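A.B. asks: The following file, structure-v1.pdb, comprises PDB, C-alpha atoms:
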ATOM      1  CA  MET A 239     191.946  64.089-113.240
ATOM      2  CA  LYS A 240     189.064  62.821-115.338
ATOM      3  CA  LEU A 241     187.875  65.313-117.931
ATOM      4  CA  ASP A 242     184.299  65.670-119.079
ATOM      5  CA  ALA A 243     182.828  67.296-122.190
ATOM      6  CA  ILE A 244     182.707  70.716-120.533
ATOM      7  CA  ASP A 245     186.389  70.530-119.598
ATOM      8  CA  LEU A 246     187.202  69.615-123.200
ATOM      9  CA  ARG A 247     185.228  72.595-124.513
ATOM     10  CA  ILE A 248     187.121  74.880-122.126
ATOM     11  CA  LEU A 249     190.478  73.456-123.208
ATOM     12  CA  GLU A 250     189.618  73.713-126.905
ATOM     13  CA  ALA A 251     188.512  77.320-126.496
ATOM     14  CA  ILE A 252     191.633  78.470-124.646
ATOM     15  CA  GLN A 253     193.900  76.619-127.088
ATOM     16  CA  GLU A 254     192.337  78.570-129.943
ATOM     17  CA  ASN A 255     192.361  81.878-128.069
ATOM     18  CA  GLY A 256     194.243  82.251-124.796
ATOM     19  CA  ARG A 257     192.898  85.788-124.456
ATOM     20  CA  ILE A 258     189.244  84.748-124.590
ATOM     21  CA  THR A 259     187.060  86.680-122.164
ATOM     22  CA  LYS A 260     185.501  84.963-119.177
ATOM     23  CA  LEU A 261     182.052  85.516-120.659
ATOM     24  CA  ALA A 262     182.965  84.145-124.101
ATOM     25  CA  LEU A 263     184.668  81.136-122.519
ATOM     26  CA  ALA A 264     181.582  80.421-120.427
ATOM     27  CA  GLU A 265     179.392  80.611-123.539
ATOM     28  CA  ARG A 266     181.675  78.199-125.433
ATOM     29  CA  ALA A 267     181.673  75.794-122.479
ATOM     30  CA  GLY A 268     177.918  75.994-121.933
ATOM     31  CA  LEU A 269     178.229  77.256-118.344
ATOM     32  CA  SER A 270     177.710  80.463-116.457
ATOM     33  CA  PRO A 271     180.900  82.491-115.945
ATOM     34  CA  THR A 272     181.705  81.651-112.305
ATOM     35  CA  PRO A 273     181.528  77.827-112.573
ATOM     36  CA  CYS A 274     183.411  78.019-115.876
ATOM     37  CA  TRP A 275     186.174  80.118-114.326
ATOM     38  CA  LEU A 276     186.394  77.729-111.358
ATOM     39  CA  ARG A 277     186.806  74.802-113.769
ATOM     40  CA  LEU A 278     189.552  76.641-115.635
ATOM     41  CA  ARG A 279     191.388  77.323-112.372
ATOM     42  CA  LYS A 280     191.034  73.616-111.465
ATOM     43  CA  LEU A 281     192.565  72.657-114.847
ATOM     44  CA  GLU A 282     195.443  75.078-114.200
ATOM     45  CA  LYS A 283     196.063  73.753-110.668
ATOM     46  CA  ALA A 284     196.059  70.172-111.991
ATOM     47  CA  GLY A 285     198.823  71.114-114.440
ATOM     48  CA  ILE A 286     196.668  70.468-117.499
ATOM     49  CA  VAL A 287     196.801  74.127-118.524
ATOM     50  CA  THR A 288     200.455  75.071-118.260
ATOM     51  CA  GLY A 289     200.465  78.585-119.674
ATOM     52  CA  TYR A 290     199.171  81.114-122.155
ATOM     53  CA  HIS A 291     201.369  82.129-125.054
ATOM     54  CA  ALA A 292     201.326  84.300-128.148
ATOM     55  CA  ARG A 293     202.304  82.787-131.502
ATOM     56  CA  VAL A 294     204.848  85.076-133.115
ATOM     57  CA  ALA A 295     205.343  85.069-136.887
ATOM     58  CA  VAL A 296     209.111  85.103-136.456
ATOM     59  CA  ARG A 297     209.831  85.438-140.165
ATOM     60  CA  ARG A 298     208.010  88.790-140.089
ATOM     61  CA  VAL A 299     210.368  89.923-137.332
ATOM     62  CA  ALA A 300     213.627  88.655-138.837
ATOM     63  CA  PRO A 301     214.790  86.119-141.397
ATOM     64  CA  VAL A 302     215.589  82.823-139.691
ATOM     65  CA  ALA A 303     216.805  79.368-140.553
ATOM     66  CA  SER A 304     214.733  76.573-139.029
ATOM     67  CA  VAL A 305     216.591  73.313-138.647
ATOM     68  CA  MET A 306     215.645  69.852-137.450
ATOM     69  CA  MET A 307     218.574  67.916-136.042
ATOM     70  CA  GLU A 308     218.874  64.246-135.135
ATOM     71  CA  VAL A 309     221.354  63.513-132.342
ATOM     72  CA  THR A 310     222.802  60.178-131.248
ATOM     73  CA  LEU A 311     224.875  60.074-128.100
ATOM     74  CA  ALA A 312     228.036  57.992-127.839
ATOM     75  CA  ASN A 313     227.020  56.484-124.490
ATOM     76  CA  HIS A 314     223.620  55.681-123.096
ATOM     77  CA  ARG A 315     224.041  56.031-119.354
ATOM     78  CA  GLN A 316     221.544  58.125-117.416
ATOM     79  CA  ALA A 317     224.247  60.695-116.641
ATOM     80  CA  ASP A 318     224.955  61.094-120.380
ATOM     81  CA  PHE A 319     221.308  61.806-121.143
ATOM     82  CA  GLU A 320     221.037  64.219-118.216
ATOM     83  CA  ARG A 321     224.179  66.155-119.253
ATOM     84  CA  PHE A 322     222.892  66.535-122.821
ATOM     85  CA  GLU A 323     219.392  67.532-121.683
ATOM     86  CA  ARG A 324     220.774  70.186-119.290
ATOM     87  CA  ALA A 325     222.732  71.706-122.185
ATOM     88  CA  VAL A 326     219.633  71.690-124.393
ATOM     89  CA  ALA A 327     217.575  73.383-121.675
ATOM     90  CA  THR A 328     220.043  76.281-121.474
ATOM     91  CA  THR A 329     220.447  76.826-125.230
ATOM     92  CA  PRO A 330     217.822  79.349-126.397
ATOM     93  CA  GLU A 331     218.174  78.520-130.109
ATOM     94  CA  ILE A 332     216.981  74.977-129.374
ATOM     95  CA  VAL A 333     213.259  75.634-129.195
ATOM     96  CA  ALA A 334     212.129  71.999-128.920
ATOM     97  CA  CYS A 335     213.761  68.694-128.087
ATOM     98  CA  TRP A 336     212.251  65.233-128.107
ATOM     99  CA  SER A 337     213.843  62.072-126.756
ATOM    100  CA  VAL A 338     212.925  59.366-129.270
ATOM    101  CA  GLY A 339     213.383  55.691-129.953
ATOM    102  CA  GLY A 340     214.217  54.084-133.249
ATOM    103  CA  GLY A 341     217.885  54.606-133.978
ATOM    104  CA  VAL A 342     218.543  58.145-132.770
ATOM    105  CA  ASP A 343     218.332  59.534-129.273
ATOM    106  CA  TYR A 344     216.950  63.047-129.812
ATOM    107  CA  ILE A 345     215.294  65.236-132.385
ATOM    108  CA  LEU A 346     215.820  68.968-131.923
ATOM    109  CA  LYS A 347     214.113  71.946-133.493
ATOM    110  CA  ILE A 348     216.518  74.853-133.784
ATOM    111  CA  VAL A 349     216.044  78.414-134.981
ATOM    112  CA  ALA A 350     219.074  80.485-135.922
ATOM    113  CA  ARG A 351     219.738  83.727-137.760
ATOM    114  CA  ASP A 352     221.155  81.782-140.714
ATOM    115  CA  ILE A 353     222.955  78.537-141.537
ATOM    116  CA  ASP A 354     226.298  79.966-140.426
ATOM    117  CA  ALA A 355     224.825  80.764-137.007
ATOM    118  CA  TYR A 356     223.395  77.243-136.857
ATOM    119  CA  GLN A 357     226.822  75.758-137.619
ATOM    120  CA  ARG A 358     228.437  77.892-134.927
ATOM    121  CA  LEU A 359     225.828  76.570-132.487
ATOM    122  CA  VAL A 360     226.611  72.973-133.473
ATOM    123  CA  ASP A 361     230.344  73.632-133.132
ATOM    124  CA  SER A 362     229.799  75.024-129.643
ATOM    125  CA  LEU A 363     227.728  71.971-128.656
ATOM    126  CA  LEU A 364     230.466  69.680-129.918
ATOM    127  CA  ASP A 365     233.159  71.724-128.120
ATOM    128  CA  ARG A 366     231.253  71.312-124.849
ATOM    129  CA  GLU A 367     231.794  67.550-125.046
ATOM    130  CA  LEU A 368     228.176  66.638-124.381
ATOM    131  CA  GLY A 369     228.638  63.105-125.658
ATOM    132  CA  ILE A 370     227.305  63.692-129.179
ATOM    133  CA  ASP A 371     228.417  60.802-131.370
ATOM    134  CA  ARG A 372     226.522  61.680-134.577
ATOM    135  CA  TYR A 373     224.145  64.349-135.749
ATOM    136  CA  PHE A 374     222.181  64.885-138.924
ATOM    137  CA  THR A 375     220.866  68.246-140.068
ATOM    138  CA  TYR A 376     217.620  68.864-141.953
ATOM    139  CA  ILE A 377     217.007  72.411-143.168
ATOM    140  CA  VAL A 378     213.322  73.351-143.118
ATOM    141  CA  THR A 379     212.488  74.790-146.527
ATOM    142  CA  LYS A 380     208.755  75.245-145.989
ATOM    143  CA  THR A 381     206.377  74.745-143.096
ATOM    144  CA  VAL A 382     203.470  72.708-144.385
ATOM    145  CA  LYS A 383     201.662  72.331-141.062
ATOM    146  CA  GLU A 384     202.498  73.290-137.495
ATOM    147  CA  GLU A 385     199.541  73.104-135.172
ATOM    148  CA  THR A 386     199.396  74.532-131.701
ATOM    149  CA  VAL A 387     195.799  73.440-131.116
ATOM    150  CA  LEU A 388     195.629  69.759-130.228
ATOM    151  CA  PRO A 389     192.619  67.675-131.350
ATOM    152  CA  LEU A 390     191.663  66.714-127.790
ATOM    153  CA  GLU A 391     188.445  64.876-128.613
ATOM    154  CA  THR A 392     190.256  62.535-130.990
ATOM    155  CA  LEU A 393     193.029  61.844-128.472
ATOM    156  CA  LEU A 394     190.887  60.885-125.490
ATOM    157  CA  PRO A 395     189.171  57.519-125.149
ATOM    158  CA  ALA A 396     185.540  57.435-126.216
ATOM    159  CA  SER A 397     182.979  57.897-123.444
ATOM    160  CA  GLU A 398     181.060  54.856-122.379
TER     161      GLU A 398
END
Give the structure from the file, written as C-alpha cells.

C.D. replies:
Amino acid sequence: MKLDAIDLRILEAIQENGRITKLALAERAGLSPTPCWLRLRKLEKAGIVTGYHARVAVRRVAPVASVMMEVTLANHRQADFERFERAVATTPEIVACWSVGGGVDYILKIVARDIDAYQRLVDSLLDRELGIDRYFTYIVTKTVKEETVLPLETLLPASE
C-alpha cells in the first residue's frame, strides 16, 4: 500500500494519541471526518495499524528490573530457531525479542520483579533445553530514551 501525506498525518496522530477523537483526527489529517475514518479503517485492514495500546509507567505500579539479554544458540538450524522463538512467545517476562546478525542470534528485553526473579527465569530457560549456548546479561540502570512514536516522515523515501 502506497501512503500519501494524509495517511502519514493520520498515522502520526494515532501514534501520539490512540484515543484521539474522530473529529480531532480529521482536523489533524486535513480531511472531513468520514473520509478520514475510512482511511484509518483502510490502514487497519492493510495491517499498517496493528493495535491501540496504553503506555503504563510500570515503575509506578511496582519496582521492576529491566534487563537486556544477548542469546547465542548452539545450533543454527531452522528448527532450533523456531523452538527458541516459540519459548520466547510464551514467556510473559520477555517483552521484546529481536533476531539479529553480528555475532549473537537474539536480543531480548526482559522485565522481572528483581534480579533474583530474572535469574530464576534464565535458569528455567536453560532447564528447558532450548539450545542456548551463551547468554550475556545487561541490567538497565536508567532509561535515557524509549520512543513509541516512530518518525515516519524520516523513514519513508522522499516524494518525487

A.B. asks: Could you list, as a list in words, every residue matched by the PyMOL selection byres ((chain A and resi 273) around 12) in this structure?

C.D. replies: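 Evaluating the PyMOL selection byres ((chain A and resi 273) around 12) on these coordinates yields Ile244, Asp245, Ile248, Lys260, Leu261, Leu263, Ala264, Glu265, Ala267, Gly268, Leu269, Ser270, Pro271, Thr272, Cys274, Trp275, Leu276, Arg277, Leu278, Arg279 and Lys280 of chain A.
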
A.B. asks: Mind giving me the straight-line distance from atom CA of A:Tyr344 to atom CA of A:Val309 in Å, one decimal?

C.D. replies: 5.1 Å

A.B. asks: Quick one: apply the PyMOL selection byres ((chain A and resi 301) around 12) to the file and drop the selected residues here as a list in words.

C.D. replies: Ala295, Val296, Arg297, Arg298, Val299, Ala300, Val302, Ala303, Ser304, Val349, Ala350, Arg351, Asp352 and Ile353 of chain A

A.B. asks: So how many Å separate atom CA of A:Val378 and atom CA of A:Asp354, to one decimal?

C.D. replies: 14.8 Å

A.B. asks: To one decimal place in Å, what is the distance between atom CA of A:Trp336 and atom CA of A:Thr386?

C.D. replies: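 Separation of atom CA of A:Trp336 and atom CA of A:Thr386: 16.3 Å.
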
A.B. asks: Taking all atoms listed in the file into account, which of A:Arg324, A:Lys240, A:Lys347, A:His314 comes nearest A:Ile286?

C.D. replies: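 Between A:Arg324, A:Lys240, A:Lys347, A:His314, the residue approaching A:Ile286 most closely is A:Lys240.
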
A.B. asks: Given the file shown, enumerate the residues that the PyMOL selection byres ((chain A and resi 311) around 6) captures and present them as a ChimeraX atom specification.

C.D. replies: /A:310,312-313,369-371

A.B. asks: Find, counting all atoms listed in the file, the residue in A:Val326, A:Leu281, A:Val387, A:Val342 that gets nearest to A:Gln253.

C.D. replies: A:Val387

A.B. asks: Mind working out the centre and edge lengths of an axis-aligned box for stretch 249-263 of chain A, all listed atoms inside, 6 Å added to each side, rounded to one decimal in Å and written as AutoDock Vina command-line options?

C.D. replies:
--center_x 188.1 --center_y 80.1 --center_z -124.6 --size_x 24.2 --size_y 25.2 --size_z 22.8

A.B. asks: Using all atoms listed in the file for the distances, tell me which of A:Ile348, A:Val333, A:Val338, A:Ala325 is nearest to A:Ser362.

C.D. replies: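 Closest to A:Ser362 of all the choices is A:Ala325.
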
A.B. asks: Using only C-alpha atoms, which of the listed residues (A:Leu394, A:Ala262, A:Ile252, A:Val305) sits closest to A:Gln357?

C.D. replies: A:Val305

A.B. asks: Name the closest residue to A:Ala251 among the candidates A:Leu390, A:Ile332, A:Leu368, A:Ala292; distances are taken between atoms, counting all atoms listed in the file.

C.D. replies: A:Leu390

A.B. asks: In terms of the shortest atom-to-atom distance over only C-alpha atoms, which of A:Ile258, A:Leu393, A:Leu346, A:Leu364 is closest to A:Ile377?

C.D. replies: A:Leu346

A.B. asks: For A:His291, list every protein, DNA or RNA residue within 10 Å, evaluated using only C-alpha atoms, and leave out those in the same chain fewer than 6 positions away; present the list as a PDB file with C-alpha atoms, in the frame of the given file.

C.D. replies:
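Saved to around07.pdb:
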ATOM      1  CA  GLN A 253     193.900  76.619-127.088  1.00  0.00           C
ATOM      2  CA  ASN A 255     192.361  81.878-128.069  1.00  0.00           C
ATOM      3  CA  GLY A 256     194.243  82.251-124.796  1.00  0.00           C
ATOM      4  CA  ARG A 257     192.898  85.788-124.456  1.00  0.00           C
TER       5      ARG A 257
END
